[in-house]
Amino acid sequence: MSVRAASGVFSLVLAVLASGCDFEPALDAEAVEIEARQVLEEEIGTEYQDLRLSLIADGLEQPWSIGFLPDGSLLVTERPGRLQLVVDGEVSEVGGLPEIHAQGQGGLLDVVPHPAYEQNGWIYLTYSKGDDDATVPALIRARLDGVQLVDVEDLFESNEHTSPGRHYGSRILFLDDGTLLMTIGDRGATPERAQDPHDHSGSVVRLSDDGSVPGDNPFAGNEDYAAEIFSYGHRNIQGIVQHPETGEIWATEHGPRGGDELNLIEPGVNYGWPTVSLGREYGTQEQWGESRRDPELQEPTFEFLPTISPSGLAVVTGSGFDSTWQGNLLAGGLRGERILRLVVEDREVVHAEELLGDELGRIRDVRQGPDGNIYIATGESEGGVYRIEPVD
């Protein structure tokens, strides 16, 4: 029996987590243990590291993001518009969310506690804001009081409303300098917007933690660009992480039919969508855009072949993992229903290994927890949260 089928048997309750940050939390040998409900596989062999797979929570409806709180409790967003808090195995729905327009790919999306959460209590969330006519990706922050969000603040919303349903991006990443990045998809209807420097669609924006624009943004003070833009020419980034040692910012991006990419995100850079793409038109199978490459535009670091519809991205730094895994990227796949372990040397992917192929279903989020283990959310109608950890 596959683990995906087995997880339906363990409908014990709901629950789940949402990883505090795409900012990788500091690893603490005394981090509060996150209890597993069920060990599903005691030993899964990989090229260099045997793994144990455990179920943390199931019965979740399209979980989108995992976030960790310092006391060992977990947050999870469910795309239809619910935030769940899990404390010692007990699941409670959190109230106080703004009105969320959940349609198509839109809904309640990322959740990331502030890196200084223990001092300020801020939790950051992204969601689709609007109505049946038009929506935008939006960012708020709030504090948690029991099972209620309080002190809710609107921080940012994309500057162009679009018909609801497609390409919201919406991953949050706190950087080492205390600012944050938020990914915004091209919104699907008119991909050319990703090349419009005044339009947030198809970009990564950089904000201070209060939603203001940092003065050192690459286009700050340039009237030809929206001041929030950090990079642009993106289709739909749903995985982003900063390597804690190199400081490199890595992102995984959905292509059209093919053309899924791993990109090294740098300030002020144009990543080419839709002028160039490695993908093809859905209907005609013809090359999307003018060409596959353009010397004036940034090429991807890596193309996922075959396509996996990437979502969720983590970097391995947990001390329990074999040295061959240290610094590797773990990229989740929705359509691919697997994780790819990517070995990166000198900004180049030199090796890839498939993990958990067809075991869990659609991988929506991949996070390294404060205990150094890897946590996974599956974006299924009956989804769950799982943990993989090294076997001693």
# chains A, B, ... in the order shown; residues from 1 in each chain; ligands from 1
>>> residues_around(residues="A:Asn270", least_positions_apart="2", cutoff="7 Å", atoms="only C-alpha atoms", output="NGL selection string")
:A and (231-233 or 268 or 272 or 297-298)
>>> write_last_selection(atoms="C-alpha atoms", output="JSON list (two decimals), in the first residue's frame")
[["chain", "number", "residue", "atom", "x", "y", "z"],
["A", 231, "SER", "CA", 13.57, 41.05, -9.57],
["A", 232, "TYR", "CA", 11.10, 40.52, -12.42],
["A", 233, "GLY", "CA", 10.31, 38.47, -15.51],
["A", 268, "GLY", "CA", 17.49, 44.10, -10.37],
["A", 272, "GLY", "CA", 12.89, 36.70, -19.09],
["A", 297, "LEU", "CA", 18.06, 38.10, -20.08],
["A", 298, "GLN", "CA", 18.98, 35.80, -17.18]]
>>> closest_atom_pairs(of="stretch 221-319 of chain A", to="stretch 326-330 of chain A", cutoff="8 Å", atoms="only C-alpha atoms", output="Markdown table")
| residue | atom | partner | partner_atom | distance |
| --- | --- | --- | --- | --- |
| A:His243 | CA | A:Gly327 | CA | 7.6 |
| A:Leu313 | CA | A:Leu330 | CA | 5.6 |
| A:Ala314 | CA | A:Leu330 | CA | 5.2 |
| A:Val315 | CA | A:Leu329 | CA | 4.5 |
| A:Val316 | CA | A:Gly327 | CA | 5.2 |
| A:Thr317 | CA | A:Gln326 | CA | 5.4 |
| A:Gly318 | CA | A:Gln326 | CA | 7.6 |
>>> residues_around(residues="A:Leu144", least_positions_apart="3", cutoff="12 Å", atoms="only C-alpha atoms", output="list in words")
Leu69, Ser73, Leu75, Leu83, Gln84, Leu85, Glu93, Val94, Gly95, Gly96, Leu97, Pro113, Tyr117, Glu118, Asn120, Gly121, Trp122, Ile123, Tyr124, Arg141, Val147, Gln148, Leu149, Val150, Asp151 and Val152 of chain A
>>> residues_around(residues="A:Val276", least_positions_apart="2", cutoff="12 Å", atoms="only C-alpha atoms", output="ChimeraX atom specification")
/A:191-192,194-195,233-235,255-256,259,270-274,278-280,287-300
>>> atom_distance(atom1="atom CA of A:Trp250", atom2="atom CA of A:Pro218")
18.0 Å
>>> closest_atom_pairs(of="stretch 80-119 of chain A", to="stretch 156-165 of chain A", cutoff="6 Å", atoms="only C-alpha atoms", output="Markdown table")
| residue | atom | partner | partner_atom | distance |
| --- | --- | --- | --- | --- |
| A:Gln103 | CA | A:Gly165 | CA | 5.2 |
| A:Gly104 | CA | A:Gly165 | CA | 4.2 |
| A:Gln105 | CA | A:Gly165 | CA | 5.2 |
| A:Gly106 | CA | A:Gly165 | CA | 5.5 |
>>> write_last_selection(atoms="C-alpha atoms", output="PDB file, in the first residue's frame")
ATOM      1  CA  GLN A 103     -10.944  30.474  -6.116  1.00  0.00           C
ATOM      2  CA  GLY A 104      -8.749  28.364  -8.384  1.00  0.00           C
ATOM      3  CA  GLN A 105      -5.178  28.755  -7.119  1.00  0.00           C
ATOM      4  CA  GLY A 106      -6.129  31.613  -4.793  1.00  0.00           C
TER       5      GLY A 106
END
>>> decode(residues="stretch 278-344 of chain A", atoms="C-alpha atoms", output="mmCIF file, in the first residue's frame")
data_model
loop_
_atom_site.group_PDB
_atom_site.id
_atom_site.type_symbol
_atom_site.label_atom_id
_atom_site.label_comp_id
_atom_site.auth_asym_id
_atom_site.auth_seq_id
_atom_site.Cartn_x
_atom_site.Cartn_y
_atom_site.Cartn_z
ATOM 1 C CA LEU A 278 12.045 26.719 -21.963
ATOM 2 C CA GLY A 279 8.367 25.729 -22.080
ATOM 3 C CA ARG A 280 5.749 25.410 -24.809
ATOM 4 C CA GLU A 281 2.211 26.600 -25.501
ATOM 5 C CA TYR A 282 -0.445 24.440 -23.834
ATOM 6 C CA GLY A 283 -2.624 24.123 -26.924
ATOM 7 C CA THR A 284 -0.241 24.198 -29.890
ATOM 8 C CA GLN A 285 2.950 22.775 -28.325
ATOM 9 C CA GLU A 286 4.820 25.607 -30.056
ATOM 10 C CA GLN A 287 7.736 27.361 -28.388
ATOM 11 C CA TRP A 288 6.499 29.912 -25.853
ATOM 12 C CA GLY A 289 7.919 33.385 -26.335
ATOM 13 C CA GLU A 290 10.392 34.575 -28.899
ATOM 14 C CA SER A 291 13.092 32.006 -28.136
ATOM 15 C CA ARG A 292 14.506 29.679 -25.504
ATOM 16 C CA ARG A 293 17.386 32.024 -24.729
ATOM 17 C CA ASP A 294 18.360 35.674 -24.962
ATOM 18 C CA PRO A 295 21.831 36.951 -23.978
ATOM 19 C CA GLU A 296 20.223 40.079 -22.508
ATOM 20 C CA LEU A 297 18.063 38.104 -20.076
ATOM 21 C CA GLN A 298 18.978 35.802 -17.183
ATOM 22 C CA GLU A 299 18.863 32.082 -17.937
ATOM 23 C CA PRO A 300 17.692 29.607 -15.292
ATOM 24 C CA THR A 301 20.289 27.725 -13.283
ATOM 25 C CA PHE A 302 18.460 24.442 -13.837
ATOM 26 C CA GLU A 303 15.503 23.138 -15.838
ATOM 27 C CA PHE A 304 13.348 20.426 -14.270
ATOM 28 C CA LEU A 305 13.034 17.627 -16.816
ATOM 29 C CA PRO A 306 10.507 16.143 -16.876
ATOM 30 C CA THR A 307 8.280 18.872 -15.472
ATOM 31 C CA ILE A 308 7.382 18.558 -11.773
ATOM 32 C CA SER A 309 5.325 21.757 -11.175
ATOM 33 C CA PRO A 310 7.667 22.850 -8.367
ATOM 34 C CA SER A 311 6.319 24.126 -5.046
ATOM 35 C CA GLY A 312 8.138 24.393 -1.746
ATOM 36 C CA LEU A 313 11.921 24.622 -1.355
ATOM 37 C CA ALA A 314 14.287 23.929 1.545
ATOM 38 C CA VAL A 315 18.020 23.791 2.099
ATOM 39 C CA VAL A 316 19.432 20.972 4.242
ATOM 40 C CA THR A 317 21.598 22.052 7.170
ATOM 41 C CA GLY A 318 20.363 19.683 9.898
ATOM 42 C CA SER A 319 23.285 18.056 11.675
ATOM 43 C CA GLY A 320 21.662 14.618 11.575
ATOM 44 C CA PHE A 321 21.897 14.384 7.797
ATOM 45 C CA ASP A 322 24.880 12.861 6.036
ATOM 46 C CA SER A 323 27.596 15.280 4.908
ATOM 47 C CA THR A 324 26.658 14.564 1.293
ATOM 48 C CA TRP A 325 23.249 16.160 1.973
ATOM 49 C CA GLN A 326 24.578 19.295 3.645
ATOM 50 C CA GLY A 327 23.706 22.418 1.648
ATOM 51 C CA ASN A 328 21.542 20.455 -0.807
ATOM 52 C CA LEU A 329 18.244 21.915 -1.995
ATOM 53 C CA LEU A 330 15.014 19.924 -1.654
ATOM 54 C CA ALA A 331 12.408 20.937 -4.233
ATOM 55 C CA GLY A 332 8.830 19.692 -3.944
ATOM 56 C CA GLY A 333 6.769 18.753 -6.995
ATOM 57 C CA LEU A 334 2.995 18.999 -7.382
ATOM 58 C CA ARG A 335 2.526 17.233 -10.685
ATOM 59 C CA GLY A 336 5.748 15.305 -10.097
ATOM 60 C CA GLU A 337 4.501 14.017 -6.710
ATOM 61 C CA ARG A 338 8.047 13.778 -5.418
ATOM 62 C CA ILE A 339 10.952 15.736 -3.995
ATOM 63 C CA LEU A 340 14.143 16.367 -5.928
ATOM 64 C CA ARG A 341 17.385 16.590 -3.957
ATOM 65 C CA LEU A 342 19.623 19.006 -5.847
ATOM 66 C CA VAL A 343 23.376 19.158 -5.285
ATOM 67 C CA VAL A 344 24.647 22.669 -6.063
#
